[in-house]
$ cat input_17.tsv   # TSV, C-alpha atoms
chain	number	residue	atom	x	y	z
M	37	MET	CA	-108.21	-35.04	68.37
M	38	SER	CA	-105.22	-34.32	66.11
M	39	THR	CA	-103.81	-37.20	64.02
M	40	LYS	CA	-100.69	-35.32	62.98
M	41	ARG	CA	-97.30	-36.86	63.64
M	42	CYS	CA	-95.24	-35.40	66.45
M	43	TYR	CA	-93.03	-32.63	65.08
M	44	TYR	CA	-89.99	-34.07	66.85
M	45	GLU	CA	-90.66	-37.49	65.27
M	46	THR	CA	-91.10	-35.82	61.89
M	47	LEU	CA	-87.64	-34.25	62.14
M	48	GLU	CA	-86.23	-37.41	63.80
M	49	VAL	CA	-84.77	-35.54	66.79
M	50	GLU	CA	-85.11	-35.71	70.57
M	51	ARG	CA	-87.31	-33.21	72.42
M	52	ASN	CA	-84.23	-31.56	73.97
M	53	ALA	CA	-82.48	-31.05	70.61
M	54	ASP	CA	-80.85	-27.63	70.29
M	55	ASP	CA	-81.17	-25.26	67.33
M	56	GLY	CA	-78.10	-26.68	65.62
M	57	LYS	CA	-79.41	-30.24	65.71
M	58	LEU	CA	-82.84	-29.09	64.52
M	59	LYS	CA	-81.38	-27.27	61.54
M	60	ALA	CA	-79.08	-30.16	60.63
M	61	ALA	CA	-81.97	-32.63	60.75
M	62	PHE	CA	-84.17	-30.30	58.71
M	63	ARG	CA	-81.53	-29.86	55.99
M	64	LYS	CA	-80.90	-33.58	55.77
M	65	LEU	CA	-84.57	-34.54	55.47
M	66	ALA	CA	-85.42	-31.67	53.13
M	67	MET	CA	-82.67	-32.80	50.77
M	68	LYS	CA	-83.92	-36.37	50.95
M	69	TRP	CA	-87.65	-35.71	50.41
M	70	HIS	CA	-87.58	-32.74	48.06
M	71	PRO	CA	-90.07	-33.42	45.19
M	72	ASP	CA	-87.48	-32.50	42.57
M	73	LYS	CA	-85.27	-35.23	43.96
M	74	ASN	CA	-88.17	-37.68	43.79
M	75	PRO	CA	-90.17	-36.83	40.64
M	76	GLY	CA	-93.61	-38.43	40.41
M	77	ASP	CA	-93.59	-39.56	44.06
M	78	ALA	CA	-96.65	-38.15	45.85
M	79	THR	CA	-95.35	-39.39	49.20
M	80	SER	CA	-92.26	-37.21	48.89
M	81	GLU	CA	-94.33	-34.05	48.49
M	82	VAL	CA	-96.37	-34.90	51.58
M	83	ARG	CA	-93.29	-35.66	53.66
M	84	PHE	CA	-91.65	-32.48	52.37
M	85	LYS	CA	-94.58	-30.37	53.59
M	86	GLU	CA	-94.58	-32.13	56.97
M	87	ILE	CA	-90.86	-31.49	57.43
M	88	ASN	CA	-91.27	-27.79	56.64
M	89	GLU	CA	-94.27	-27.46	58.96
M	90	ALA	CA	-92.40	-29.10	61.84
M	91	TYR	CA	-89.30	-26.96	61.40
M	92	GLU	CA	-91.33	-23.75	61.09
M	93	VAL	CA	-92.70	-24.38	64.59
M	94	LEU	CA	-89.66	-25.81	66.36
M	95	LYS	CA	-87.16	-23.22	65.09
M	96	ASP	CA	-89.25	-20.44	66.72
M	97	GLY	CA	-88.72	-20.27	70.49
M	98	GLU	CA	-92.25	-19.09	71.33
M	99	LYS	CA	-93.97	-21.53	68.98
M	100	ARG	CA	-91.83	-24.37	70.27
M	101	ALA	CA	-92.73	-23.56	73.87
M	102	ALA	CA	-96.43	-23.51	72.98
M	103	TYR	CA	-96.12	-26.81	71.10
M	104	ASP	CA	-94.27	-28.47	73.99
M	105	ARG	CA	-97.11	-27.47	76.32
M	106	TYR	CA	-100.22	-27.91	74.19
M	107	GLY	CA	-99.11	-30.03	71.26
M	108	HIS	CA	-100.78	-29.49	67.89
M	109	ALA	CA	-103.75	-27.87	69.66
M	110	ALA	CA	-101.60	-24.79	70.20
M	111	PHE	CA	-102.03	-23.92	66.51
M	112	GLU	CA	-105.65	-24.91	66.02
M	113	GLN	CA	-108.76	-22.73	66.46
M	114	GLY	CA	-106.73	-19.51	66.42
M	115	MET	CA	-104.30	-20.36	69.20
M	116	GLY	CA	-100.74	-19.16	68.53
M	117	GLY	CA	-101.67	-16.52	65.97
M	118	GLY	CA	-101.96	-18.73	62.90
M	119	GLY	CA	-100.77	-22.17	62.02
M	120	PRO	CA	-97.62	-23.31	60.35
M	121	GLY	CA	-97.28	-24.31	56.74
M	122	PHE	CA	-96.23	-22.63	53.50
M	123	GLY	CA	-96.53	-19.10	54.86
M	124	ALA	CA	-94.21	-16.13	54.90
M	125	GLY	CA	-91.49	-18.08	56.69
M	126	PHE	CA	-91.32	-20.82	54.08
M	127	ALA	CA	-88.78	-19.08	51.83
M	128	SER	CA	-86.53	-18.21	54.75
M	129	SER	CA	-86.63	-21.78	56.02
M	130	PHE	CA	-85.40	-23.15	52.72
M	131	SER	CA	-83.10	-20.35	51.61
M	132	ASP	CA	-80.12	-22.08	53.18
M	133	ILE	CA	-80.63	-25.35	51.26
M	134	PHE	CA	-81.23	-23.95	47.75
M	135	GLU	CA	-77.51	-23.93	47.07
M	136	ASP	CA	-77.23	-27.56	48.19
M	137	LEU	CA	-80.15	-28.61	46.03
M	138	PHE	CA	-79.59	-26.64	42.85
M	139	GLY	CA	-76.22	-24.89	43.12
M	140	MET	CA	-77.83	-21.43	43.05
M	141	ALA	CA	-79.56	-18.95	45.36
M	142	GLY	CA	-83.32	-18.78	45.59
M	143	GLN	CA	-84.65	-15.32	44.71
M	144	ARG	CA	-81.99	-13.48	46.70
M	145	GLY	CA	-80.06	-11.52	44.12
M	146	GLY	CA	-80.93	-8.42	42.23
M	147	ARG	CA	-79.78	-6.49	39.23
M	148	SER	CA	-76.35	-5.01	39.63
M	149	GLY	CA	-76.75	-2.57	36.76
M	150	GLY	CA	-73.21	-3.31	35.58
M	151	ARG	CA	-71.62	-1.29	38.41
M	152	GLU	CA	-69.16	-3.27	40.46
M	153	ARG	CA	-66.97	-2.16	43.33
M	154	GLY	CA	-63.25	-2.12	42.61
M	155	ALA	CA	-60.90	-4.57	44.28
M	156	ASP	CA	-59.01	-3.73	47.46
M	157	LEU	CA	-55.24	-3.46	47.15
M	158	ARG	CA	-52.42	-4.39	49.54
M	159	TYR	CA	-49.08	-2.62	49.83
M	160	ASN	CA	-46.28	-3.92	52.08
M	161	MET	CA	-44.03	-1.26	53.61
M	162	GLU	CA	-40.97	-1.77	55.81
M	163	ILE	CA	-39.99	0.97	58.24
M	164	THR	CA	-37.29	1.32	60.89
M	165	LEU	CA	-37.84	1.35	64.64
M	166	GLU	CA	-36.84	5.02	64.70
M	167	GLU	CA	-39.50	5.81	62.09
M	168	ALA	CA	-42.09	3.96	64.16
M	169	TYR	CA	-41.00	6.04	67.17
M	170	LEU	CA	-41.13	9.42	65.42
M	171	GLY	CA	-43.87	8.76	62.86
M	172	LYS	CA	-43.44	9.84	59.27
M	173	THR	CA	-45.15	10.78	56.04
M	174	ALA	CA	-44.13	8.40	53.27
M	175	GLN	CA	-44.59	8.72	49.52
M	176	ILE	CA	-45.45	5.48	47.73
M	177	GLU	CA	-45.99	4.75	44.06
M	178	ILE	CA	-48.33	1.92	43.11
M	179	PRO	CA	-49.88	0.71	39.84
M	180	VAL	CA	-53.67	0.85	40.14
M	181	SER	CA	-56.68	0.59	37.88
M	182	VAL	CA	-58.35	3.95	37.40
M	183	THR	CA	-61.51	4.98	35.57
M	184	CYS	CA	-61.05	5.24	31.81
M	185	GLU	CA	-61.49	8.89	30.85
M	186	PRO	CA	-62.59	8.53	27.19
M	187	CYS	CA	-65.60	6.36	28.13
M	188	SER	CA	-66.08	7.73	31.68
M	189	GLY	CA	-65.89	4.18	33.00
M	190	THR	CA	-68.83	2.79	30.99
M	191	GLY	CA	-66.65	0.59	28.80
M	192	ALA	CA	-68.52	1.73	25.67
M	193	LYS	CA	-66.90	3.68	22.86
M	194	ALA	CA	-67.33	7.46	23.09
M	195	GLY	CA	-70.69	8.46	21.60
M	196	THR	CA	-72.30	5.07	22.37
M	197	LYS	CA	-73.96	3.58	25.42
M	198	PRO	CA	-74.27	0.07	26.84
M	199	LYS	CA	-77.55	-1.64	25.97
M	200	ASN	CA	-79.79	-3.83	28.06
M	201	CYS	CA	-78.89	-7.52	27.89
M	202	SER	CA	-81.18	-9.38	25.49
M	203	VAL	CA	-81.03	-12.55	27.60
M	204	CYS	CA	-82.30	-11.11	30.88
M	205	GLY	CA	-83.87	-7.87	29.65
M	206	GLY	CA	-81.50	-5.80	31.75
M	207	GLN	CA	-82.32	-7.52	35.04
M	208	GLY	CA	-78.97	-9.26	35.44
M	209	ARG	CA	-80.69	-12.48	36.51
M	210	VAL	CA	-82.77	-15.15	34.80
M	211	ARG	CA	-85.50	-17.27	36.34
M	212	GLN	CA	-85.66	-21.01	36.22
M	213	ALA	CA	-88.51	-23.31	37.27
M	214	GLN	CA	-87.60	-26.14	39.64
M	215	GLY	CA	-90.73	-28.12	40.46
M	216	PHE	CA	-93.05	-25.77	42.32
M	217	PHE	CA	-90.18	-23.33	43.03
M	218	THR	CA	-89.09	-20.41	40.86
M	219	LEU	CA	-85.38	-19.82	41.28
M	220	GLU	CA	-83.09	-17.11	39.99
M	221	ARG	CA	-79.48	-17.26	38.87
M	222	THR	CA	-76.95	-14.85	37.43
M	223	CYS	CA	-77.53	-14.14	33.75
M	224	PRO	CA	-74.94	-16.06	31.69
M	225	GLY	CA	-75.11	-13.47	28.90
M	226	CYS	CA	-74.05	-10.39	30.87
M	227	GLN	CA	-72.65	-12.05	34.03
M	228	GLY	CA	-75.20	-10.21	36.15
M	229	ARG	CA	-74.43	-6.69	34.89
M	230	GLY	CA	-77.73	-6.32	33.04
M	231	GLN	CA	-76.02	-4.55	30.16
M	232	MET	CA	-74.06	-5.49	27.05
M	233	ILE	CA	-71.45	-3.43	25.21
M	234	GLU	CA	-71.66	-3.73	21.43
M	235	ASP	CA	-68.93	-1.22	20.59
M	236	ALA	CA	-66.16	-1.37	23.22
M	237	CYS	CA	-63.98	1.59	24.12
M	238	PRO	CA	-60.60	1.11	22.38
M	239	ASN	CA	-58.74	2.73	25.27
M	240	CYS	CA	-59.83	0.21	27.93
M	241	ALA	CA	-61.12	-2.66	25.74
M	242	GLY	CA	-64.55	-2.38	27.34
M	243	SER	CA	-63.47	-2.81	30.97
M	244	GLY	CA	-63.99	0.85	31.88
M	245	ARG	CA	-60.58	0.90	33.61
M	246	VAL	CA	-56.94	1.45	32.71
M	247	THR	CA	-53.75	0.93	34.71
M	248	ARG	CA	-51.79	3.96	35.88
M	249	ASP	CA	-48.97	4.59	38.37
M	250	ARG	CA	-50.22	6.66	41.26
M	251	THR	CA	-48.18	8.45	43.92
M	252	LEU	CA	-49.82	8.58	47.33
M	253	SER	CA	-48.89	10.19	50.62
M	254	VAL	CA	-49.20	7.86	53.63
M	255	ASN	CA	-49.23	9.22	57.17
M	256	ILE	CA	-47.61	6.76	59.59
M	257	PRO	CA	-48.49	7.70	63.19
M	258	GLN	CA	-46.15	7.35	66.16
M	259	GLY	CA	-46.12	4.03	67.94
M	260	VAL	CA	-47.13	1.73	65.07
M	261	GLU	CA	-46.19	-1.90	65.61
M	262	ASP	CA	-45.15	-4.70	63.31
M	263	GLY	CA	-48.24	-5.82	61.37
M	264	THR	CA	-50.14	-2.54	61.76
M	265	ARG	CA	-52.64	-2.01	58.92
M	266	ILE	CA	-53.44	1.44	57.55
M	267	ARG	CA	-56.55	1.81	55.38
M	268	LEU	CA	-56.80	4.44	52.65
M	269	ALA	CA	-60.46	4.54	51.66
M	270	GLY	CA	-61.20	4.79	47.94
M	271	GLU	CA	-57.55	4.42	46.90
M	272	GLY	CA	-57.88	0.86	45.59
M	273	GLU	CA	-58.81	-0.22	42.09
M	274	ALA	CA	-61.47	1.73	40.22
M	275	GLY	CA	-64.91	0.16	40.05
M	276	VAL	CA	-66.15	-1.62	36.94
M	277	ARG	CA	-68.25	0.57	34.66
M	278	GLY	CA	-68.53	3.46	37.06
M	279	GLY	CA	-68.74	1.45	40.28
M	280	PRO	CA	-67.18	2.73	43.52
M	281	PRO	CA	-63.42	2.19	44.01
M	282	GLY	CA	-61.93	-0.27	46.44
M	283	ASP	CA	-59.63	0.56	49.36
M	284	LEU	CA	-55.85	0.44	49.73
M	285	TYR	CA	-54.39	-1.30	52.78
M	286	ILE	CA	-50.83	-0.52	53.88
M	287	PHE	CA	-49.29	-3.35	55.94
M	288	LEU	CA	-46.30	-2.23	58.01
M	289	SER	CA	-43.35	-4.35	59.04
M	290	LEU	CA	-40.48	-3.18	61.25
M	291	SER	CA	-36.90	-3.94	60.27
M	292	THR	CA	-34.57	-5.55	62.82
M	293	HIS	CA	-32.79	-3.01	65.00
M	294	GLU	CA	-29.09	-3.38	65.76
M	295	PHE	CA	-29.44	-2.50	69.43
M	296	PHE	CA	-33.06	-2.64	70.63
M	297	GLN	CA	-35.63	-5.40	70.81
M	298	ARG	CA	-39.24	-4.30	71.09
M	299	ASP	CA	-41.94	-5.78	73.32
M	300	GLY	CA	-45.12	-3.77	72.88
M	301	ALA	CA	-44.27	-0.26	74.02
M	302	ASP	CA	-41.16	-1.36	75.94
M	303	LEU	CA	-37.63	-1.55	74.55
M	304	HIS	CA	-34.96	-4.01	75.67
M	305	CYS	CA	-31.20	-4.08	75.13
M	306	ARG	CA	-28.24	-6.06	76.42
M	307	VAL	CA	-24.96	-4.44	77.48
M	308	PRO	CA	-21.78	-6.42	78.30
M	309	ILE	CA	-19.81	-5.20	81.32
M	310	SER	CA	-16.48	-6.34	82.72
M	311	MET	CA	-16.13	-8.61	85.70
M	312	VAL	CA	-14.40	-5.80	87.57
M	313	ALA	CA	-17.21	-3.30	86.84
M	314	ALA	CA	-19.76	-5.82	88.03
M	315	ALA	CA	-17.80	-6.50	91.24
M	316	LEU	CA	-16.77	-2.95	92.11
M	317	GLY	CA	-19.68	-1.05	90.58
M	318	GLY	CA	-19.61	1.78	88.08
M	319	ASP	CA	-21.66	3.37	85.37
M	320	PHE	CA	-21.92	3.48	81.58
M	321	GLU	CA	-23.95	5.29	78.92
M	322	VAL	CA	-26.40	3.69	76.49
M	323	PRO	CA	-28.19	5.24	73.50
M	324	THR	CA	-31.93	5.85	73.60
M	325	ILE	CA	-34.47	5.59	70.78
M	326	ASP	CA	-34.93	9.38	70.74
M	327	LYS	CA	-31.30	9.71	69.57
M	328	GLY	CA	-30.12	10.71	73.04
M	329	LYS	CA	-28.10	8.99	75.77
M	330	THR	CA	-28.79	7.89	79.31
M	331	LYS	CA	-26.49	6.80	82.13
M	332	VAL	CA	-26.93	3.45	83.87
M	333	LYS	CA	-25.41	3.08	87.34
M	334	VAL	CA	-24.21	-0.41	88.27
M	335	PRO	CA	-24.02	-1.11	92.00
M	336	PRO	CA	-21.18	-3.27	93.44
M	337	GLY	CA	-21.81	-7.00	93.26
M	338	THR	CA	-24.11	-6.84	90.22
M	339	GLN	CA	-24.84	-10.29	88.82
M	340	SER	CA	-25.05	-11.17	85.14
M	341	GLY	CA	-28.60	-10.85	83.76
M	342	ARG	CA	-29.74	-8.08	86.08
M	343	ARG	CA	-32.09	-5.58	84.43
M	344	PHE	CA	-32.27	-1.85	84.97
M	345	ARG	CA	-35.44	0.06	84.12
M	346	ILE	CA	-35.30	3.53	82.58
M	347	ALA	CA	-38.78	5.03	82.77
M	348	SER	CA	-40.47	6.62	79.74
M	349	LYS	CA	-37.62	5.87	77.35
M	350	GLY	CA	-39.53	3.28	75.35
M	351	MET	CA	-41.96	3.59	72.41
M	352	PRO	CA	-45.05	5.80	72.34
M	353	VAL	CA	-48.35	3.94	72.55
M	354	LEU	CA	-50.36	4.27	69.33
M	355	ARG	CA	-53.03	7.00	69.59
M	356	SER	CA	-52.19	7.59	73.24
M	357	ARG	CA	-50.06	9.91	75.37
M	358	GLN	CA	-48.49	6.98	77.18
M	359	THR	CA	-44.90	5.89	76.61
M	360	GLY	CA	-43.21	2.59	77.39
M	361	ASP	CA	-40.01	2.00	79.34
M	362	MET	CA	-36.51	0.96	78.39
M	363	TYR	CA	-34.86	-2.04	80.04
M	364	VAL	CA	-31.09	-2.51	80.08
M	365	GLN	CA	-29.84	-5.99	80.91
M	366	VAL	CA	-26.17	-6.32	81.87
M	367	MET	CA	-24.19	-9.40	80.92
M	368	VAL	CA	-20.95	-9.93	82.86
M	369	GLU	CA	-18.23	-10.86	80.39
M	370	THR	CA	-15.68	-13.48	81.38
M	371	PRO	CA	-12.11	-12.31	80.63
M	372	GLN	CA	-10.40	-14.00	77.67
M	373	ASN	CA	-6.87	-14.13	76.22
M	374	LEU	CA	-5.31	-13.30	79.60
M	375	THR	CA	-1.64	-12.41	79.93
M	376	LYS	CA	0.57	-14.28	82.39
M	377	LYS	CA	0.43	-11.35	84.80
M	378	GLN	CA	-3.38	-11.25	84.65
M	379	GLN	CA	-3.57	-14.99	85.26
M	380	GLU	CA	-1.32	-14.64	88.31
M	381	LEU	CA	-3.45	-11.81	89.70
M	382	LEU	CA	-6.66	-13.79	89.23
M	383	SER	CA	-5.09	-16.83	90.88
M	384	GLU	CA	-4.09	-14.68	93.84
M	385	PHE	CA	-7.63	-13.28	93.97
M	386	GLU	CA	-9.02	-16.82	94.01
M	387	LYS	CA	-6.82	-17.73	96.96
M	388	LEU	CA	-8.05	-14.72	98.88
M	389	SER	CA	-11.72	-15.42	98.04
M	390	SER	CA	-14.12	-16.90	100.56
M	391	GLY	CA	-17.76	-17.70	100.97
M	392	ALA	CA	-18.42	-14.04	101.66
M	393	THR	CA	-17.10	-12.94	98.27
M	394	GLN	CA	-18.89	-15.72	96.37
M	395	PRO	CA	-21.95	-16.61	98.47
M	396	GLU	CA	-23.90	-18.35	95.72
M	397	ALA	CA	-21.03	-20.68	94.80
M	398	ALA	CA	-20.25	-21.37	98.46
M	399	GLY	CA	-23.87	-22.17	99.21
M	400	PHE	CA	-24.17	-24.45	96.19
M	401	PHE	CA	-21.11	-26.54	96.97
M	402	THR	CA	-22.15	-26.81	100.63
M	403	LYS	CA	-25.41	-28.37	99.46
M	404	VAL	CA	-23.51	-30.72	97.15
M	405	LYS	CA	-21.24	-31.81	100.01
M	406	ASP	CA	-24.23	-32.44	102.28
M	407	PHE	CA	-25.97	-34.39	99.50
M	408	PHE	CA	-23.09	-36.82	98.98
M	409	GLY	CA	-22.56	-37.06	102.74
M	410	ASN	CA	-26.16	-38.13	103.28
M	411	ARG	CA	-25.89	-40.71	100.50
M	412	ALA	CA	-22.76	-42.21	102.03
M	413	SER	CA	-24.33	-42.48	105.50
M	414	SER	CA	-27.45	-44.14	104.15
$ encode --input "input_17.tsv" --output "structure tokens"
Amino acid sequence: MSTKRCYYETLEVERNADDGKLKAAFRKLAMKWHPDKNPGDATSEVRFKEINEAYEVLKDGEKRAAYDRYGHAAFEQGMGGGGPGFGAGFASSFSDIFEDLFGMAGQRGGRSGGRERGADLRYNMEITLEEAYLGKTAQIEIPVSVTCEPCSGTGAKAGTKPKNCSVCGGQGRVRQAQGFFTLERTCPGCQGRGQMIEDACPNCAGSGRVTRDRTLSVNIPQGVEDGTRIRLAGEGEAGVRGGPPGDLYIFLSLSTHEFFQRDGADLHCRVPISMVAAALGGDFEVPTIDKGKTKVKVPPGTQSGRRFRIASKGMPVLRSRQTGDMYVQVMVETPQNLTKKQQELLSEFEKLSSGATQPEAAGFFTKVKDFFGNRASS
């Protein structure tokens, strides 16, 4: 009969603990009982092995199911395809706590060979709504780091070559013993490049790159919106010592338009009309984004705020054949600075008005009258 402690008790979790709780408990206990944290304590090493063994089983769905059903017997006498312990999964179990323990990664890195990818660049570009509607090809000039020609990007003076780092032997990483672990970290001598430059190129001071102004052509498609990002692959900074270049990202912003407001692919505008035009009806012309004009017909009795839809006069949808609509909202303007004659005419009009000419006002004041009448009677 097995005398091993229950794996759930070892990790100090309930049997229904999910993967997140298991991992959190494992990390906490591994940090606490790691032998390097408790030098000379034999108990710590034993507890450390028990914690790893328990987590190796419980983190695996199939192994956990077998353990829940058969207990430790599931991994004895060949059941379960081999028992837990310091097997192939040990390194993966502890890879996520090496940084917490030692501030470095455990045997994950490799030699970079000195070649590093160049940085990505960002360029902000403002365009008009008309340019977003039509699309355009823009020329931009940006300062970028390019490969140094005299040294071909190696950073070494012409006629010389970089040499392997004497600290790491050209590996870019150095090993360090931590208890019974062997850990690796970036070489402090070459910063992980694996190579050292003894005679630097005078043109680039050993960086392998120089700054130049570059003119690029940017294709802006129809229908772009505010915040659209355009990626130009390989147009960023040159890589270090012959590494691949980064990318250039163009971020677009649309300037405020004097007439239109944009909502996705739809365009909106407000047009003031006179009280007479709203009452008697009429029509007016408004500009469209395609530099044309369209006529809007206002029926008699139009109220302020009413919208009129003009189909397919909005913005094109990016990478699509669809087009949005244009919405014209009329705002009835109240007359101002009236002459005496105009005031007299409006007063006469008011006398001749009735509930039929102003149904909303008549209905509202009828409700108000009923409201106060009910209050008085109660």
$ residues_near_point --input "input_17.tsv" --point "(-22.6, -1.5, 80.5)" --cutoff "10 Å" --atoms "all atoms listed in the file" --output "list in words"
Arg306, Val307, Pro308, Ile309, Ser310, Ala313, Ala314, Gly318, Asp319, Phe320, Glu321, Val322, Lys331, Val332, Lys333, Val334, Val364, Gln365, Val366, Met367 and Val368 of chain M
$ residues_around --input "input_17.tsv" --residues "His70 (chain M)" --least-positions-apart "5" --cutoff "7 Å" --atoms "only C-alpha atoms" --output "VMD selection string"
chain M and resid 80 to 81 84
$ closest_atom_pairs --input "input_17.tsv" --of "region 149-246 of chain M" --to "region 268-283 of chain M" --cutoff "12 Å" --atoms "all atoms listed in the file" --output "CSV"
residue,atom,partner,partner_atom,distance
M:Gly149,CA,M:Arg277,CA,9.3
M:Gly150,CA,M:Arg277,CA,6.4
M:Arg151,CA,M:Gly279,CA,4.4
M:Glu152,CA,M:Gly279,CA,4.7
M:Arg153,CA,M:Gly275,CA,4.5
M:Gly154,CA,M:Gly275,CA,3.8
M:Ala155,CA,M:Gly282,CA,4.9
M:Asp156,CA,M:Gly282,CA,4.6
M:Leu157,CA,M:Gly272,CA,5.3
M:Arg158,CA,M:Gly272,CA,8.5
M:Tyr159,CA,M:Gly272,CA,10.4
M:Glu177,CA,M:Glu271,CA,11.9
M:Ile178,CA,M:Gly272,CA,9.9
M:Pro179,CA,M:Glu273,CA,9.3
M:Val180,CA,M:Glu273,CA,5.6
M:Ser181,CA,M:Glu273,CA,4.8
M:Val182,CA,M:Ala274,CA,4.8
M:Thr183,CA,M:Ala274,CA,5.7
M:Cys184,CA,M:Arg277,CA,9.0
M:Glu185,CA,M:Gly278,CA,10.8
M:Cys187,CA,M:Arg277,CA,9.1
M:Ser188,CA,M:Gly278,CA,7.3
M:Gly189,CA,M:Arg277,CA,4.6
M:Thr190,CA,M:Arg277,CA,4.3
M:Gly191,CA,M:Arg277,CA,6.1
M:Ala192,CA,M:Arg277,CA,9.1
M:Lys197,CA,M:Arg277,CA,11.3
M:Pro198,CA,M:Arg277,CA,9.9
M:Arg229,CA,M:Arg277,CA,9.5
M:Gly230,CA,M:Arg277,CA,11.8
M:Gln231,CA,M:Arg277,CA,10.3
M:Met232,CA,M:Arg277,CA,11.3
M:Ile233,CA,M:Arg277,CA,10.7
M:Ala236,CA,M:Arg277,CA,11.8
M:Cys237,CA,M:Arg277,CA,11.4
M:Cys240,CA,M:Arg277,CA,10.8
M:Ala241,CA,M:Arg277,CA,11.9
M:Gly242,CA,M:Arg277,CA,8.7
M:Ser243,CA,M:Val276,CA,6.7
M:Gly244,CA,M:Arg277,CA,5.1
M:Arg245,CA,M:Ala274,CA,6.7
M:Val246,CA,M:Ala274,CA,8.8
$ residues_around --input "input_17.tsv" --residues "Gly206 (chain M)" --least-positions-apart "2" --cutoff "12 Å" --atoms "all atoms listed in the file" --output "PyMOL selection string"
chain M and resi 146-150+198-204+208-210+222-223+225-232
$ closest_residue --input "input_17.tsv" --among "M:Arg41, M:Lys327, M:Lys95, M:Lys85" --to "Ala60 (chain M)" --atoms "all atoms listed in the file"
M:Lys95
$ residues_around --input "input_17.tsv" --residues "region 372-386 of chain M" --least-positions-apart "6" --cutoff "12 Å" --atoms "only C-alpha atoms" --output "list in words"
Ser310, Met311, Val312, Thr393 and Gln394 of chain M
$ closest_residue --input "input_17.tsv" --among "M:Thr79, M:Ser289, M:Thr173, M:Asn88" --to "Pro257 (chain M)" --atoms "only C-alpha atoms"
M:Thr173
$ atom_distance --input "input_17.tsv" --atom1 "CA of Gln212 (chain M)" --atom2 "CA of Ala66 (chain M)"
20.0 Å
